[in-house]
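Trainee: Structure supplied as run.tsv; contents: TSV, C-alpha atoms and all ligand atoms.
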```tsv
chain	number	residue	atom	x	y	z
J	1	MET	CA	0.00	0.00	0.00
J	2	GLY	CA	1.33	3.41	-0.95
J	3	ARG	CA	1.45	6.38	1.39
J	4	LYS	CA	-1.14	9.13	0.89
J	5	VAL	CA	-0.24	11.58	-1.85
J	6	THR	CA	-1.01	15.18	-0.88
J	7	LYS	CA	1.46	17.25	-2.91
J	8	ALA	CA	1.57	17.85	-6.62
J	9	ILE	CA	4.20	19.56	-8.75
J	10	PHE	CA	3.09	21.55	-11.78
J	11	PRO	CA	6.01	22.34	-14.09
J	12	VAL	CA	4.88	25.59	-15.74
J	13	ALA	CA	8.18	27.20	-16.67
J	14	GLY	CA	7.89	26.59	-20.45
J	15	LEU	CA	7.79	29.62	-22.73
J	16	GLY	CA	4.85	28.45	-24.81
J	17	THR	CA	6.42	29.69	-28.03
J	18	ARG	CA	4.13	27.47	-30.09
J	19	PHE	CA	1.29	29.78	-29.15
J	20	LEU	CA	2.91	33.09	-30.06
J	21	PRO	CA	1.77	35.80	-30.26
J	22	ALA	CA	-0.86	34.79	-27.67
J	23	THR	CA	1.90	33.90	-25.22
J	24	LYS	CA	3.87	37.09	-25.76
J	25	SER	CA	2.45	38.59	-22.59
J	26	ILE	CA	0.44	35.81	-20.93
J	27	PRO	CA	1.64	32.40	-19.81
J	28	LYS	CA	0.27	29.56	-21.93
J	29	GLU	CA	-1.25	28.00	-18.82
J	30	ILE	CA	-3.70	30.91	-18.71
J	31	LEU	CA	-4.96	30.16	-22.23
J	32	SER	CA	-8.53	28.97	-21.83
J	33	LEU	CA	-10.69	26.17	-23.11
J	34	VAL	CA	-14.09	27.88	-23.41
J	35	ASP	CA	-13.62	30.08	-20.31
J	36	LYS	CA	-11.40	28.10	-17.98
J	37	PRO	CA	-7.59	28.38	-18.07
J	38	LEU	CA	-5.55	25.23	-18.65
J	39	ILE	CA	-4.06	25.61	-15.18
J	40	GLN	CA	-7.52	25.52	-13.61
J	41	TYR	CA	-8.32	22.21	-15.30
J	42	ALA	CA	-5.12	20.79	-13.81
J	43	ILE	CA	-5.84	22.20	-10.34
J	44	ASP	CA	-9.42	20.90	-10.35
J	45	GLU	CA	-8.19	17.45	-11.31
J	46	ALA	CA	-5.56	17.47	-8.59
J	47	ARG	CA	-8.05	18.63	-5.96
J	48	ALA	CA	-10.46	15.87	-6.93
J	49	ALA	CA	-7.62	13.42	-6.35
J	50	GLY	CA	-7.07	14.69	-2.79
J	51	ILE	CA	-4.06	16.94	-3.43
J	52	LYS	CA	-3.72	19.62	-0.74
J	53	GLU	CA	-0.45	21.33	-1.64
J	54	PHE	CA	0.30	22.72	-5.07
J	55	ILE	CA	3.86	23.44	-6.14
J	56	PHE	CA	4.36	25.48	-9.30
J	57	VAL	CA	7.74	25.45	-10.95
J	58	THR	CA	7.72	28.74	-12.82
J	59	SER	CA	10.12	31.03	-14.68
J	60	ARG	CA	10.36	34.64	-15.82
J	61	GLY	CA	7.23	36.15	-17.25
J	62	LYS	CA	4.84	33.93	-15.32
J	63	GLY	CA	3.60	36.64	-12.95
J	64	ALA	CA	0.06	36.44	-14.34
J	65	LEU	CA	-0.07	32.85	-13.18
J	66	GLU	CA	0.68	33.82	-9.58
J	67	ASP	CA	-1.89	36.64	-9.76
J	68	TYR	CA	-4.47	34.21	-11.06
J	69	PHE	CA	-4.49	32.40	-7.73
J	70	ASP	CA	-4.94	35.51	-5.62
J	71	HIS	CA	-8.41	36.07	-4.25
J	72	ALA	CA	-10.09	38.78	-6.34
J	73	HIS	CA	-11.68	40.63	-3.41
J	74	GLU	CA	-12.87	43.67	-5.34
J	75	LEU	CA	-14.39	41.58	-8.10
J	76	GLU	CA	-16.03	39.31	-5.55
J	77	SER	CA	-17.63	42.18	-3.68
J	78	ASN	CA	-18.84	43.79	-6.93
J	79	LEU	CA	-20.46	40.53	-8.02
J	80	LYS	CA	-21.98	40.13	-4.59
J	81	LYS	CA	-23.46	43.62	-4.64
J	82	ALA	CA	-24.85	43.01	-8.11
J	83	GLY	CA	-26.42	39.74	-6.95
J	84	LYS	CA	-24.48	37.74	-9.54
J	85	ASP	CA	-24.31	34.64	-7.41
J	86	LYS	CA	-23.52	32.20	-10.21
J	87	LEU	CA	-20.47	34.16	-11.34
J	88	LEU	CA	-19.44	34.66	-7.74
J	89	ASP	CA	-19.59	30.93	-7.25
J	90	ILE	CA	-17.47	30.28	-10.35
J	91	LEU	CA	-14.92	32.79	-9.14
J	92	ARG	CA	-14.81	31.38	-5.62
J	93	GLN	CA	-14.16	27.90	-6.90
J	94	THR	CA	-10.79	29.16	-8.11
J	95	ASN	CA	-9.77	30.37	-4.64
J	96	MET	CA	-7.05	28.37	-2.97
J	97	ASP	CA	-6.40	27.99	0.76
J	98	SER	CA	-3.76	30.33	2.12
J	99	GLY	CA	-0.42	28.56	2.16
J	100	ALA	CA	-1.58	25.80	-0.18
J	101	ILE	CA	0.46	27.12	-3.10
J	102	ALA	CA	4.20	27.41	-3.43
J	103	TYR	CA	6.17	28.87	-6.31
J	104	ILE	CA	9.69	27.80	-7.18
J	105	ARG	CA	11.70	29.24	-10.03
J	106	GLN	CA	13.43	27.09	-12.57
J	107	HIS	CA	16.30	29.38	-13.49
J	108	LYS	CA	17.31	27.51	-16.63
J	109	ALA	CA	15.27	25.43	-19.04
J	110	LEU	CA	17.18	22.19	-18.48
J	111	GLY	CA	14.30	19.78	-18.96
J	112	LEU	CA	11.24	18.34	-17.24
J	113	GLY	CA	13.32	16.27	-14.82
J	114	HIS	CA	15.18	19.39	-13.77
J	115	ALA	CA	11.93	21.32	-13.28
J	116	VAL	CA	10.62	18.61	-10.95
J	117	TRP	CA	13.96	18.49	-9.12
J	118	CYS	CA	13.69	22.25	-8.44
J	119	ALA	CA	10.82	21.42	-6.04
J	120	ARG	CA	12.85	18.90	-4.01
J	121	ARG	CA	13.10	21.00	-0.83
J	122	LEU	CA	9.34	21.22	-0.55
J	123	LEU	CA	9.00	17.47	-0.17
J	124	SER	CA	10.19	15.27	2.64
J	125	ASP	CA	12.52	12.36	1.91
J	126	ASP	CA	9.89	9.69	2.33
J	127	GLU	CA	6.99	11.34	0.62
J	128	PRO	CA	5.45	10.21	-2.69
J	129	PHE	CA	4.24	13.06	-4.89
J	130	ALA	CA	2.25	13.75	-8.03
J	131	VAL	CA	3.38	15.58	-11.15
J	132	VAL	CA	0.79	17.12	-13.46
J	133	LEU	CA	1.63	18.49	-16.91
J	134	THR	CA	-0.92	21.17	-17.76
J	135	ASP	CA	-0.52	20.68	-21.55
J	136	ASP	CA	-2.21	17.33	-21.21
J	137	VAL	CA	-5.88	18.00	-20.57
J	138	ILE	CA	-7.90	14.90	-19.80
J	139	GLN	CA	-11.65	14.62	-19.89
J	140	GLY	CA	-12.48	11.69	-17.67
J	141	GLU	CA	-14.77	10.57	-14.87
J	142	PRO	CA	-13.43	10.09	-12.29
J	143	PRO	CA	-10.66	12.49	-13.30
J	144	CYS	CA	-7.42	10.81	-14.43
J	145	LEU	CA	-5.31	11.61	-11.38
J	146	GLN	CA	-8.01	10.23	-9.09
J	147	GLN	CA	-8.07	7.00	-11.13
J	148	MET	CA	-4.32	6.83	-10.65
J	149	ILE	CA	-4.47	7.49	-6.91
J	150	GLU	CA	-6.98	4.66	-6.59
J	151	ALA	CA	-4.83	2.27	-8.62
J	152	TYR	CA	-1.70	3.36	-6.76
J	153	GLY	CA	-3.49	2.53	-3.51
J	154	GLU	CA	-3.37	-1.09	-4.70
J	155	THR	CA	0.07	-1.16	-6.31
J	156	GLY	CA	2.32	1.32	-4.49
J	157	GLY	CA	5.58	2.02	-6.35
J	158	SER	CA	5.48	4.71	-9.03
J	159	MET	CA	2.75	5.14	-11.60
J	160	VAL	CA	2.43	7.01	-14.88
J	161	ALA	CA	-0.68	7.62	-16.97
J	162	THR	CA	-0.44	5.83	-20.29
J	163	MET	CA	-2.28	5.39	-23.56
J	164	GLU	CA	-1.68	3.71	-26.90
J	165	VAL	CA	-0.54	6.11	-29.63
J	166	PRO	CA	0.06	5.41	-33.35
J	167	SER	CA	3.59	4.31	-34.32
J	168	ASP	CA	4.28	7.52	-36.23
J	169	LYS	CA	3.55	9.61	-33.11
J	170	VAL	CA	5.29	7.58	-30.43
J	171	SER	CA	8.68	9.33	-30.81
J	172	ALA	CA	7.17	12.44	-29.20
J	173	TYR	CA	6.65	10.69	-25.87
J	174	GLY	CA	8.12	8.75	-23.03
J	175	VAL	CA	7.36	5.10	-23.86
J	176	LEU	CA	6.87	2.06	-21.64
J	177	ASP	CA	8.59	-1.27	-22.10
J	178	VAL	CA	5.97	-3.67	-20.79
J	179	ALA	CA	6.87	-6.56	-18.50
J	180	GLU	CA	3.35	-7.60	-17.58
J	181	ASP	CA	0.05	-6.44	-19.05
J	182	MET	CA	-2.75	-6.76	-16.54
J	183	GLY	CA	-5.33	-4.84	-18.58
J	184	ALA	CA	-5.84	-1.42	-17.07
J	185	ILE	CA	-2.51	-1.63	-15.26
J	186	VAL	CA	0.80	-2.58	-16.84
J	187	ARG	CA	4.06	-3.25	-15.06
J	188	ALA	CA	7.02	-1.67	-16.81
J	189	LYS	CA	10.42	-3.24	-17.28
J	190	GLY	CA	11.82	-0.11	-18.86
J	191	MET	CA	11.00	3.39	-20.02
J	192	VAL	CA	12.55	5.44	-22.78
J	193	GLU	CA	12.16	9.13	-23.59
J	194	LYS	CA	11.39	10.01	-27.19
J	195	PRO	CA	12.66	6.80	-28.83
J	196	LYS	CA	13.86	7.09	-32.44
J	197	ALA	CA	11.23	5.95	-34.95
J	198	GLY	CA	11.15	2.18	-35.16
J	199	THR	CA	13.04	1.59	-31.91
J	200	GLN	CA	10.11	2.03	-29.50
J	201	PRO	CA	9.59	-0.86	-27.05
J	202	SER	CA	5.79	-0.47	-27.37
J	203	ASN	CA	3.15	2.04	-28.42
J	204	LEU	CA	2.24	2.81	-24.82
J	205	ALA	CA	3.05	6.48	-24.37
J	206	VAL	CA	3.40	8.29	-21.07
J	207	ILE	CA	0.79	11.04	-20.64
J	208	GLY	CA	1.46	13.93	-18.26
J	209	ARG	CA	0.24	12.50	-14.95
J	210	TYR	CA	2.65	10.85	-12.54
J	211	ILE	CA	2.62	9.51	-9.00
J	212	LEU	CA	6.21	9.12	-7.99
J	213	ALA	CA	8.06	7.40	-5.20
J	214	PRO	CA	10.41	9.67	-3.19
J	215	THR	CA	13.36	7.75	-4.64
J	216	VAL	CA	12.61	9.31	-8.05
J	217	MET	CA	13.62	12.67	-6.59
J	218	ARG	CA	16.84	11.08	-5.36
J	219	ASN	CA	17.51	9.78	-8.87
J	220	LEU	CA	17.01	13.30	-10.20
J	221	ASN	CA	19.78	14.52	-7.88
J	222	LYS	CA	22.25	13.08	-10.38
J	223	LEU	CA	21.04	15.57	-12.97
J	224	LYS	CA	22.00	13.26	-15.78
J	225	GLN	CA	21.34	14.53	-19.30
J	226	GLY	CA	19.17	12.38	-21.52
J	227	ALA	CA	17.22	12.72	-24.79
J	228	GLY	CA	17.71	16.12	-26.44
J	229	GLY	CA	20.43	16.99	-23.91
J	230	GLU	CA	17.74	17.58	-21.27
J	231	ILE	CA	17.40	16.19	-17.77
J	232	GLN	CA	14.49	13.83	-18.30
J	233	LEU	CA	11.91	12.76	-15.74
J	234	THR	CA	11.47	9.56	-17.74
J	235	ASP	CA	15.10	8.58	-17.07
J	236	ALA	CA	14.73	9.08	-13.32
J	237	ILE	CA	11.64	6.84	-13.36
J	238	ALA	CA	13.41	4.23	-15.51
J	239	GLU	CA	16.16	4.15	-12.89
J	240	GLU	CA	13.58	2.95	-10.36
J	241	ILE	CA	13.05	-0.14	-12.48
J	242	GLU	CA	16.80	-0.71	-12.85
J	243	GLU	CA	17.08	-0.62	-9.06
J	244	GLY	CA	14.32	-3.18	-8.66
J	245	ARG	CA	11.48	-0.89	-7.65
J	246	ASP	CA	8.02	-1.07	-9.22
J	247	VAL	CA	6.83	1.24	-11.96
J	248	PHE	CA	3.33	0.87	-13.37
J	249	GLY	CA	1.37	2.44	-16.18
J	250	LEU	CA	-2.35	3.05	-15.88
J	251	ARG	CA	-4.47	2.98	-19.04
J	252	PHE	CA	-6.79	5.68	-17.77
J	253	ARG	CA	-10.39	5.99	-18.88
J	254	GLY	CA	-11.00	9.27	-20.64
J	255	GLN	CA	-10.08	11.47	-23.56
J	256	ARG	CA	-6.73	13.20	-23.59
J	257	PHE	CA	-6.03	16.40	-25.50
J	258	ASP	CA	-2.54	17.61	-26.30
J	259	CYS	CA	-3.07	21.29	-25.53
J	260	GLY	CA	0.62	21.91	-26.17
J	261	SER	CA	-0.28	21.74	-29.86
J	262	LYS	CA	-2.68	24.01	-31.71
J	263	ALA	CA	-4.66	21.14	-33.22
J	264	GLY	CA	-5.05	19.51	-29.80
J	265	PHE	CA	-6.05	22.81	-28.23
J	266	LEU	CA	-8.77	23.35	-30.86
J	267	GLN	CA	-10.05	19.79	-30.43
J	268	ALA	CA	-10.25	20.32	-26.69
J	269	THR	CA	-12.11	23.60	-27.21
J	270	VAL	CA	-14.71	21.78	-29.29
J	271	ALA	CA	-15.01	18.89	-26.82
J	272	PHE	CA	-15.36	21.10	-23.76
J	273	GLY	CA	-17.69	23.49	-25.61
J	274	LEU	CA	-19.99	20.60	-26.48
J	275	GLU	CA	-19.99	19.52	-22.86
J	276	ARG	CA	-21.50	22.80	-21.62
J	277	ASP	CA	-25.25	22.79	-21.15
J	278	GLU	CA	-25.53	26.47	-22.01
J	279	LEU	CA	-23.55	26.11	-25.25
J	280	LYS	CA	-23.97	22.65	-26.62
J	281	ASP	CA	-27.13	23.13	-28.76
J	282	GLU	CA	-26.03	26.31	-30.46
J	283	PHE	CA	-22.45	25.14	-30.83
J	284	SER	CA	-23.22	21.70	-32.24
J	285	GLU	CA	-25.66	23.20	-34.70
J	286	TYR	CA	-22.92	25.54	-35.85
J	287	LEU	CA	-20.44	22.67	-36.21
J	288	HIS	CA	-22.93	20.72	-38.31
J	289	GLN	CA	-23.49	23.74	-40.54
J	290	VAL	CA	-19.77	24.24	-41.02
J	291	MET	CA	-19.24	20.61	-41.94
J	292	ALA	CA	-22.21	20.60	-44.31
J	293	MET	CA	-20.91	23.74	-46.02
J	294	ARG	CA	-17.45	22.26	-46.41
J	295	LYS	CA	-18.90	19.09	-47.89
J	296	ALA	CA	-21.06	21.01	-50.32
J	297	ALA	CA	-18.03	23.01	-51.45
J	298	GLU	CA	-15.96	19.89	-52.20
G	301	LIG	C1	6.83	15.21	-21.71
G	301	LIG	C2	7.57	13.98	-21.16
G	301	LIG	C3	7.18	12.75	-21.97
G	301	LIG	C4	5.68	12.57	-21.95
G	301	LIG	C5	4.98	13.85	-22.46
G	301	LIG	C6	3.49	13.74	-22.26
G	301	LIG	O1	7.32	15.48	-22.99
G	301	LIG	O2	8.97	14.21	-21.24
G	301	LIG	O3	7.79	11.61	-21.42
G	301	LIG	O4	5.33	11.48	-22.78
G	301	LIG	O5	5.44	15.00	-21.72
G	301	LIG	O6	2.81	14.83	-22.79
G	301	LIG	P1	7.10	16.90	-23.74
G	301	LIG	O7	5.69	16.87	-24.26
G	301	LIG	O8	7.31	17.95	-22.73
G	301	LIG	O9	8.10	16.91	-24.86
```
Show how you would write the structure in this file as structure tokens.
Mentor:
Amino acid sequence: MGRKVTKAIFPVAGLGTRFLPATKSIPKEILSLVDKPLIQYAIDEARAAGIKEFIFVTSRGKGALEDYFDHAHELESNLKKAGKDKLLDILRQTNMDSGAIAYIRQHKALGLGHAVWCARRLLSDDEPFAVVLTDDVIQGEPPCLQQMIEAYGETGGSMVATMEVPSDKVSAYGVLDVAEDMGAIVRAKGMVEKPKAGTQPSNLAVIGRYILAPTVMRNLNKLKQGAGGEIQLTDAIAEEIEEGRDVFGLRFRGQRFDCGSKAGFLQATVAFGLERDELKDEFSEYLHQVMAMRKAAE
């Protein structure tokens, strides 16, 4: 049985250059699907999974992200006075407990493993922790991280979220080498970051949700460079396996969107738009019209 996981690390130091010019003055994590910033989706998922402490690994130019988590007292009191209870409620749901958030700077972009390592002093030596990548937005019930916490309760060790991806896409991911396939859960015998095309041990890609044993942080202490010259989280997890500790993958139930890419971001916008009661009729009618018009024009 694993120990309770109450802290999550959110590496948010990336520059988001793929979304320029939008990200010229706002962090990409504030970009919104319908009306909710990517970071809020990640926070809501972590909260649902029982996370109590939120550690953001940030960098220059991410001030708006810190402001986002401040209580908006003036706005709240204006909404209250105007009797806009629904909006007030939406706003209040974004409020975090005082002291629940910590910000750490990653001074150099040395890779995901390095970003996670920057948070090491905020964790005790024997404490498992979660890592959530905000680019990966997952629509799932229960939310993905909660599914993982439940599975981890049975397995212990370390656990990554995983899904099958096509062979021509697998080189963009961390990939599992499977020792034992138990259906929803697989036991890994290896993990490789961004394998060259044709060399992948499987098509099971790592998606940005992790529950990690404290020893993974110790592995990161070595700050070894891996794929692309970066310090890779994948390598520190693979080291667990080499040292005889368990690493599992969970085939989560749900739909994952790669919001680090424009196509994925647009797909997520459509999916989350169609999920909203107040939008779905008008929006789906519009989508049908667009498709019909495109077909007619062919
Ligand atoms: C990161 C991880 C990779 C993982 C991916 C999931 O890669 O390094 O192992 O598969 O996130 O989105 P990145 O997308 O930052 O290149």
Trainee: Would you list the contacts of Ile30 (chain J) as a VMD selection string, taking every protein, DNA or RNA residue within 9 Å and counting all atoms listed in the file, but skipping same-chain residues closer than 6 positions in sequence?
Mentor: chain J and resid 36 to 40 64 to 65 68
Trainee: Do you know which residues are within 6 Å of ligand LIG 301 (chain G) using only C-alpha atoms and all ligand atoms? Can you write them as a PyMOL selection string?
Mentor: chain J and resi 136+173-174+193+205-208+234
Trainee: Just to confirm, what's the straight-line distance from CA of Ile237 (chain J) to CA of Val175 (chain J) in Å (one decimal)?
Mentor: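 Between CA of Ile237 (chain J) and CA of Val175 (chain J) the gap is 11.5 Å.
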Trainee: Each residue of region 16-73 of chain J with at least one atom at most 12 Å from region 255-261 of chain J should appear once, together with its nearest atom pair and the corresponding distance in Å (one decimal); atoms considered: all atoms listed in the file; ordering: chain, then increasing residue number; output as JSON lines.
Mentor:
```
{"residue": "J:Gly16", "atom": "CA", "partner": "J:Gly260", "partner_atom": "CA", "distance": 7.9}
{"residue": "J:Thr17", "atom": "CA", "partner": "J:Gly260", "partner_atom": "CA", "distance": 9.9}
{"residue": "J:Arg18", "atom": "CA", "partner": "J:Ser261", "partner_atom": "CA", "distance": 7.2}
{"residue": "J:Phe19", "atom": "CA", "partner": "J:Ser261", "partner_atom": "CA", "distance": 8.2}
{"residue": "J:Leu20", "atom": "CA", "partner": "J:Ser261", "partner_atom": "CA", "distance": 11.8}
{"residue": "J:Lys28", "atom": "CA", "partner": "J:Gly260", "partner_atom": "CA", "distance": 8.8}
{"residue": "J:Glu29", "atom": "CA", "partner": "J:Cys259", "partner_atom": "CA", "distance": 9.7}
{"residue": "J:Ile30", "atom": "CA", "partner": "J:Cys259", "partner_atom": "CA", "distance": 11.8}
{"residue": "J:Leu31", "atom": "CA", "partner": "J:Cys259", "partner_atom": "CA", "distance": 9.7}
{"residue": "J:Ser32", "atom": "CA", "partner": "J:Cys259", "partner_atom": "CA", "distance": 10.1}
{"residue": "J:Leu33", "atom": "CA", "partner": "J:Cys259", "partner_atom": "CA", "distance": 9.4}
{"residue": "J:Pro37", "atom": "CA", "partner": "J:Cys259", "partner_atom": "CA", "distance": 11.2}
{"residue": "J:Leu38", "atom": "CA", "partner": "J:Cys259", "partner_atom": "CA", "distance": 8.3}
{"residue": "J:Ile39", "atom": "CA", "partner": "J:Cys259", "partner_atom": "CA", "distance": 11.3}
{"residue": "J:Tyr41", "atom": "CA", "partner": "J:Cys259", "partner_atom": "CA", "distance": 11.5}
{"residue": "J:Ala42", "atom": "CA", "partner": "J:Cys259", "partner_atom": "CA", "distance": 11.9}
```
Trainee: Of the candidates J:Met163, J:Ala172, J:Ile104, J:Leu88, which one gets nearest to Arg120 (chain J) if we count all atoms listed in the file?
Mentor: J:Ile104
Trainee: What is the CA of Glu150 (chain J) to CA of Phe265 (chain J) distance in Å?
Mentor: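 Between CA of Glu150 (chain J) and CA of Phe265 (chain J) the gap works out to 28.3 Å.
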Trainee: Would you mind telling me which residue in J:Ala161, J:Ile149, J:Ala49, J:Ile55 lies nearest to Arg105 (chain J) when using all atoms listed in the file?
Mentor: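 Checking each of J:Ala161, J:Ile149, J:Ala49, J:Ile55 against Arg105 (chain J), counting all atoms listed in the file, the winner is J:Ile55.
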Trainee: Which residue is closest to Lys7 (chain J)? Choose from J:Pro27, J:Gly249, J:Pro214, J:Pro201 and count all atoms listed in the file.
Mentor: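 Among the listed residues, J:Pro214 lies closest to Lys7 (chain J).
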